[in-house]
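Report on the structure given below.
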Amino acid sequence: MTRAALLQLLAVALGTLLRHSANLLLPRLPAPWPTLSTLTVNLAGCFCAGLLLVWLGQRQDADFWRAVLLTGVLGGLTTFSAFGVDLLAMLRAARYEWLALTVLLHVGLGLAAIAVGWKLGQGLWPARA
């Protein structure tokens, strides 16, 4: 195993540990209520992705760090499958208003978090002329 592959593996493990920590720390309501930890990690992941996209855009080794940080850490942290499980629980319980609100929150706030992260990243790492 190459050093790069080992680092990517450790990055996924870190993201997974962060995800599990969010599950333990944040309250979980019984189904079909939306899961706060899923929303939190997805929004945090979107925000960090926005930051990282700016930082990566200025690096010669962007492909390496994209694999480690975006695919590894953020891939382990965020979870689309848990989002799908939450939605199915709401659908099966006929909680359509919560399902719609959950989709709106994850997608709308996720997009906003990426945009805010991107803007903050531009301030932290201004483009070089």
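Each chain in the structure tokens gets a letter, A, B, ..., in the order shown, and its residues are numbered from 1; ligands are numbered from 1 in order too.
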
- Write out as a list in words each polymer residue whose atoms come within 7 Å of Leu26 (chain A), counting only C-alpha atoms; drop sequence neighbours fewer than 4 positions from it. Ala22, Leu36 and Ser37 of chain A

Can you spit out the residues from that selection as an mmCIF file, in the first residue's frame, using all heavy atoms?
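Writing the result to part28.cif gives the following:
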data_model
loop_
_atom_site.group_PDB
_atom_site.id
_atom_site.type_symbol
_atom_site.label_atom_id
_atom_site.label_comp_id
_atom_site.auth_asym_id
_atom_site.auth_seq_id
_atom_site.Cartn_x
_atom_site.Cartn_y
_atom_site.Cartn_z
ATOM 1 N N ALA A 22 -20.746 12.734 16.235
ATOM 2 C CA ALA A 22 -21.948 13.559 16.087
ATOM 3 C C ALA A 22 -23.191 12.756 16.464
ATOM 4 O O ALA A 22 -24.099 13.276 17.118
ATOM 5 C CB ALA A 22 -22.067 14.088 14.658
ATOM 6 N N LEU A 36 -30.981 15.031 13.645
ATOM 7 C CA LEU A 36 -30.172 16.242 13.776
ATOM 8 C C LEU A 36 -28.707 15.980 13.427
ATOM 9 O O LEU A 36 -28.058 16.816 12.800
ATOM 10 C CB LEU A 36 -30.298 16.798 15.196
ATOM 11 C CG LEU A 36 -29.570 18.100 15.487
ATOM 12 C CD1 LEU A 36 -30.047 19.208 14.568
ATOM 13 C CD2 LEU A 36 -29.763 18.491 16.941
ATOM 14 N N SER A 37 -28.194 14.827 13.801
ATOM 15 C CA SER A 37 -26.782 14.548 13.517
ATOM 16 C C SER A 37 -26.525 14.461 12.018
ATOM 17 O O SER A 37 -25.501 14.929 11.531
ATOM 18 C CB SER A 37 -26.319 13.271 14.222
ATOM 19 O OG SER A 37 -27.046 12.153 13.769
#

So which residues touch region 110-113 of chain A within 12 Å, counting only C-alpha atoms, skipping near sequence neighbours fewer than 5 positions away, as an mmCIF file with all heavy atoms, in the first residue's frame?
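Okay, this is what ended up in result.cif:
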data_model
loop_
_atom_site.group_PDB
_atom_site.id
_atom_site.type_symbol
_atom_site.label_atom_id
_atom_site.label_comp_id
_atom_site.auth_asym_id
_atom_site.auth_seq_id
_atom_site.Cartn_x
_atom_site.Cartn_y
_atom_site.Cartn_z
ATOM 1 N N THR A 38 -27.451 13.868 11.267
ATOM 2 C CA THR A 38 -27.281 13.774 9.813
ATOM 3 C C THR A 38 -27.261 15.162 9.190
ATOM 4 O O THR A 38 -26.390 15.471 8.366
ATOM 5 C CB THR A 38 -28.393 12.921 9.183
ATOM 6 O OG1 THR A 38 -28.378 11.622 9.783
ATOM 7 C CG2 THR A 38 -28.204 12.787 7.678
ATOM 8 N N LEU A 39 -28.209 16.006 9.592
ATOM 9 C CA LEU A 39 -28.238 17.371 9.069
ATOM 10 C C LEU A 39 -26.962 18.118 9.451
ATOM 11 O O LEU A 39 -26.349 18.789 8.612
ATOM 12 C CB LEU A 39 -29.466 18.119 9.600
ATOM 13 C CG LEU A 39 -29.592 19.588 9.186
ATOM 14 C CD1 LEU A 39 -29.690 19.728 7.668
ATOM 15 C CD2 LEU A 39 -30.795 20.220 9.861
ATOM 16 N N THR A 40 -26.533 17.985 10.688
ATOM 17 C CA THR A 40 -25.345 18.697 11.163
ATOM 18 C C THR A 40 -24.100 18.301 10.392
ATOM 19 O O THR A 40 -23.346 19.166 9.927
ATOM 20 C CB THR A 40 -25.144 18.450 12.672
ATOM 21 O OG1 THR A 40 -26.313 18.904 13.363
ATOM 22 C CG2 THR A 40 -23.923 19.176 13.191
ATOM 23 N N VAL A 41 -23.857 17.002 10.239
ATOM 24 C CA VAL A 41 -22.634 16.588 9.531
ATOM 25 C C VAL A 41 -22.711 16.922 8.050
ATOM 26 O O VAL A 41 -21.691 17.267 7.442
ATOM 27 C CB VAL A 41 -22.287 15.094 9.748
ATOM 28 C CG1 VAL A 41 -22.020 14.806 11.207
ATOM 29 C CG2 VAL A 41 -23.329 14.165 9.181
ATOM 30 N N ASN A 42 -23.903 16.853 7.464
ATOM 31 C CA ASN A 42 -24.008 17.213 6.051
ATOM 32 C C ASN A 42 -23.762 18.697 5.830
ATOM 33 O O ASN A 42 -23.086 19.089 4.872
ATOM 34 C CB ASN A 42 -25.356 16.783 5.484
ATOM 35 C CG ASN A 42 -25.436 15.293 5.255
ATOM 36 O OD1 ASN A 42 -24.430 14.598 5.227
ATOM 37 N ND2 ASN A 42 -26.638 14.778 5.107
ATOM 38 N N LEU A 43 -24.279 19.543 6.728
ATOM 39 C CA LEU A 43 -24.033 20.984 6.594
ATOM 40 C C LEU A 43 -22.576 21.320 6.875
ATOM 41 O O LEU A 43 -21.965 22.132 6.162
ATOM 42 C CB LEU A 43 -24.951 21.775 7.510
ATOM 43 C CG LEU A 43 -26.441 21.712 7.166
ATOM 44 C CD1 LEU A 43 -27.256 22.517 8.171
ATOM 45 C CD2 LEU A 43 -26.685 22.188 5.750
ATOM 46 N N ALA A 44 -21.994 20.706 7.898
ATOM 47 C CA ALA A 44 -20.575 20.936 8.195
ATOM 48 C C ALA A 44 -19.711 20.472 7.020
ATOM 49 O O ALA A 44 -18.753 21.150 6.631
ATOM 50 C CB ALA A 44 -20.178 20.199 9.470
ATOM 51 N N GLY A 45 -20.065 19.323 6.444
ATOM 52 C CA GLY A 45 -19.319 18.818 5.288
ATOM 53 C C GLY A 45 -19.424 19.747 4.092
ATOM 54 O O GLY A 45 -18.441 20.001 3.390
ATOM 55 N N CYS A 46 -20.609 20.289 3.849
ATOM 56 C CA CYS A 46 -20.784 21.236 2.741
ATOM 57 C C CYS A 46 -19.966 22.494 2.968
ATOM 58 O O CYS A 46 -19.300 22.995 2.050
ATOM 59 C CB CYS A 46 -22.258 21.586 2.571
ATOM 60 S SG CYS A 46 -23.244 20.272 1.832
ATOM 61 N N PHE A 47 -20.006 23.019 4.186
ATOM 62 C CA PHE A 47 -19.233 24.218 4.507
ATOM 63 C C PHE A 47 -17.741 23.955 4.293
ATOM 64 O O PHE A 47 -17.043 24.745 3.644
ATOM 65 C CB PHE A 47 -19.505 24.642 5.952
ATOM 66 C CG PHE A 47 -18.664 25.808 6.395
ATOM 67 C CD1 PHE A 47 -18.965 27.090 5.981
ATOM 68 C CD2 PHE A 47 -17.566 25.609 7.210
ATOM 69 C CE1 PHE A 47 -18.179 28.168 6.380
ATOM 70 C CE2 PHE A 47 -16.782 26.669 7.613
ATOM 71 C CZ PHE A 47 -17.085 27.960 7.198
ATOM 72 N N CYS A 48 -17.242 22.846 4.810
ATOM 73 C CA CYS A 48 -15.823 22.514 4.656
ATOM 74 C C CYS A 48 -15.465 22.284 3.195
ATOM 75 O O CYS A 48 -14.371 22.657 2.755
ATOM 76 C CB CYS A 48 -15.476 21.282 5.494
ATOM 77 S SG CYS A 48 -15.522 21.593 7.268
ATOM 78 N N ALA A 49 -16.376 21.690 2.436
ATOM 79 C CA ALA A 49 -16.125 21.479 1.006
ATOM 80 C C ALA A 49 -15.962 22.815 0.293
ATOM 81 O O ALA A 49 -15.087 22.974 -0.561
ATOM 82 C CB ALA A 49 -17.256 20.668 0.379
ATOM 83 N N GLY A 50 -16.802 23.794 0.645
ATOM 84 C CA GLY A 50 -16.659 25.121 0.046
ATOM 85 C C GLY A 50 -15.309 25.732 0.344
ATOM 86 O O GLY A 50 -14.646 26.282 -0.545
ATOM 87 N N LEU A 51 -14.877 25.634 1.599
ATOM 88 C CA LEU A 51 -13.541 26.122 1.973
ATOM 89 C C LEU A 51 -12.452 25.407 1.184
ATOM 90 O O LEU A 51 -11.543 26.022 0.626
ATOM 91 C CB LEU A 51 -13.283 25.888 3.465
ATOM 92 C CG LEU A 51 -13.863 26.839 4.478
ATOM 93 C CD1 LEU A 51 -13.606 26.316 5.882
ATOM 94 C CD2 LEU A 51 -13.272 28.220 4.319
ATOM 95 N N THR A 78 -19.798 12.874 6.021
ATOM 96 C CA THR A 78 -21.158 13.084 5.534
ATOM 97 C C THR A 78 -21.758 11.761 5.089
ATOM 98 O O THR A 78 -21.045 10.802 4.821
ATOM 99 C CB THR A 78 -21.178 14.087 4.368
ATOM 100 O OG1 THR A 78 -20.417 13.561 3.292
ATOM 101 C CG2 THR A 78 -20.620 15.427 4.790
ATOM 102 N N THR A 102 -37.269 18.339 5.528
ATOM 103 C CA THR A 102 -35.941 17.739 5.655
ATOM 104 C C THR A 102 -35.158 17.856 4.348
ATOM 105 O O THR A 102 -33.982 18.214 4.355
ATOM 106 C CB THR A 102 -36.059 16.267 6.096
ATOM 107 O OG1 THR A 102 -36.738 16.228 7.359
ATOM 108 C CG2 THR A 102 -34.704 15.615 6.229
ATOM 109 N N VAL A 103 -35.807 17.581 3.236
ATOM 110 C CA VAL A 103 -35.141 17.732 1.928
ATOM 111 C C VAL A 103 -34.741 19.189 1.722
ATOM 112 O O VAL A 103 -33.608 19.481 1.322
ATOM 113 C CB VAL A 103 -36.047 17.231 0.777
ATOM 114 C CG1 VAL A 103 -35.474 17.624 -0.578
ATOM 115 C CG2 VAL A 103 -36.228 15.726 0.862
ATOM 116 N N LEU A 104 -35.644 20.097 2.005
ATOM 117 C CA LEU A 104 -35.356 21.524 1.851
ATOM 118 C C LEU A 104 -34.179 21.953 2.720
ATOM 119 O O LEU A 104 -33.277 22.663 2.255
ATOM 120 C CB LEU A 104 -36.594 22.353 2.186
ATOM 121 C CG LEU A 104 -36.431 23.862 2.070
ATOM 122 C CD1 LEU A 104 -36.183 24.274 0.628
ATOM 123 C CD2 LEU A 104 -37.662 24.561 2.604
ATOM 124 N N LEU A 105 -34.172 21.511 3.982
ATOM 125 C CA LEU A 105 -33.077 21.878 4.886
ATOM 126 C C LEU A 105 -31.741 21.328 4.403
ATOM 127 O O LEU A 105 -30.750 22.053 4.333
ATOM 128 C CB LEU A 105 -33.363 21.387 6.304
ATOM 129 C CG LEU A 105 -34.439 22.139 7.064
ATOM 130 C CD1 LEU A 105 -34.737 21.431 8.390
ATOM 131 C CD2 LEU A 105 -34.034 23.577 7.304
ATOM 132 N N TRP A 118 -17.133 28.707 0.533
ATOM 133 C CA TRP A 118 -16.399 29.188 -0.639
ATOM 134 C C TRP A 118 -16.007 30.652 -0.459
ATOM 135 O O TRP A 118 -14.865 31.042 -0.684
ATOM 136 C CB TRP A 118 -17.269 29.016 -1.877
ATOM 137 C CG TRP A 118 -16.681 29.587 -3.127
ATOM 138 C CD1 TRP A 118 -16.844 30.845 -3.612
ATOM 139 C CD2 TRP A 118 -15.815 28.927 -4.050
ATOM 140 N NE1 TRP A 118 -16.145 31.015 -4.770
ATOM 141 C CE2 TRP A 118 -15.506 29.849 -5.071
ATOM 142 C CE3 TRP A 118 -15.284 27.653 -4.127
ATOM 143 C CZ2 TRP A 118 -14.690 29.537 -6.137
ATOM 144 C CZ3 TRP A 118 -14.470 27.341 -5.201
ATOM 145 C CH2 TRP A 118 -14.176 28.271 -6.190
ATOM 146 N N LYS A 119 -16.961 31.463 -0.029
ATOM 147 C CA LYS A 119 -16.698 32.889 0.154
ATOM 148 C C LYS A 119 -15.649 33.110 1.241
ATOM 149 O O LYS A 119 -14.733 33.919 1.075
ATOM 150 C CB LYS A 119 -18.005 33.613 0.511
ATOM 151 C CG LYS A 119 -17.918 35.093 0.423
ATOM 152 C CD LYS A 119 -17.728 35.511 -1.018
ATOM 153 C CE LYS A 119 -17.812 37.012 -1.149
ATOM 154 N NZ LYS A 119 -17.337 37.465 -2.434
ATOM 155 N N LEU A 120 -15.758 32.395 2.353
ATOM 156 C CA LEU A 120 -14.778 32.498 3.425
ATOM 157 C C LEU A 120 -13.415 32.016 2.933
ATOM 158 O O LEU A 120 -12.384 32.643 3.212
ATOM 159 C CB LEU A 120 -15.219 31.672 4.636
ATOM 160 C CG LEU A 120 -14.270 31.693 5.836
ATOM 161 C CD1 LEU A 120 -14.097 33.107 6.362
ATOM 162 C CD2 LEU A 120 -14.804 30.770 6.914
ATOM 163 N N GLY A 121 -13.394 30.948 2.175
ATOM 164 C CA GLY A 121 -12.137 30.454 1.603
ATOM 165 C C GLY A 121 -11.468 31.458 0.694
ATOM 166 O O GLY A 121 -10.244 31.599 0.697
#

- Message: Taking the DSSP secondary structure from the backbone, can you list the residues of region 38-111 of chain A that are alpha helix (DSSP H), as a PyMOL selection string?
- Response: chain A and resi 38-56+62-65+75-77+80-92+96-104+110-111

- Item | Contacts of region 3-17 of chain A at 9 Å (only C-alpha atoms; same-chain gap of 6+ positions) as a PyMOL selection string | chain A and resi 64+67-69+71-78

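Comparing A:Leu53, A:Leu29, A:Ala100, A:Val107 by their smallest distance to Trp65 (chain A), the closest is A:Leu53 (using only C-alpha atoms).
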
- Top pick for closest residue to Gly123 (chain A), considering A:Leu24, A:Leu87, A:Val54, A:Met1 and counting only C-alpha atoms: A:Val54

- Item | Proximity to Asn23 (chain A) - best of A:Ile114, A:Pro126, A:Ser81, A:Thr35, only C-alpha atoms | A:Thr35
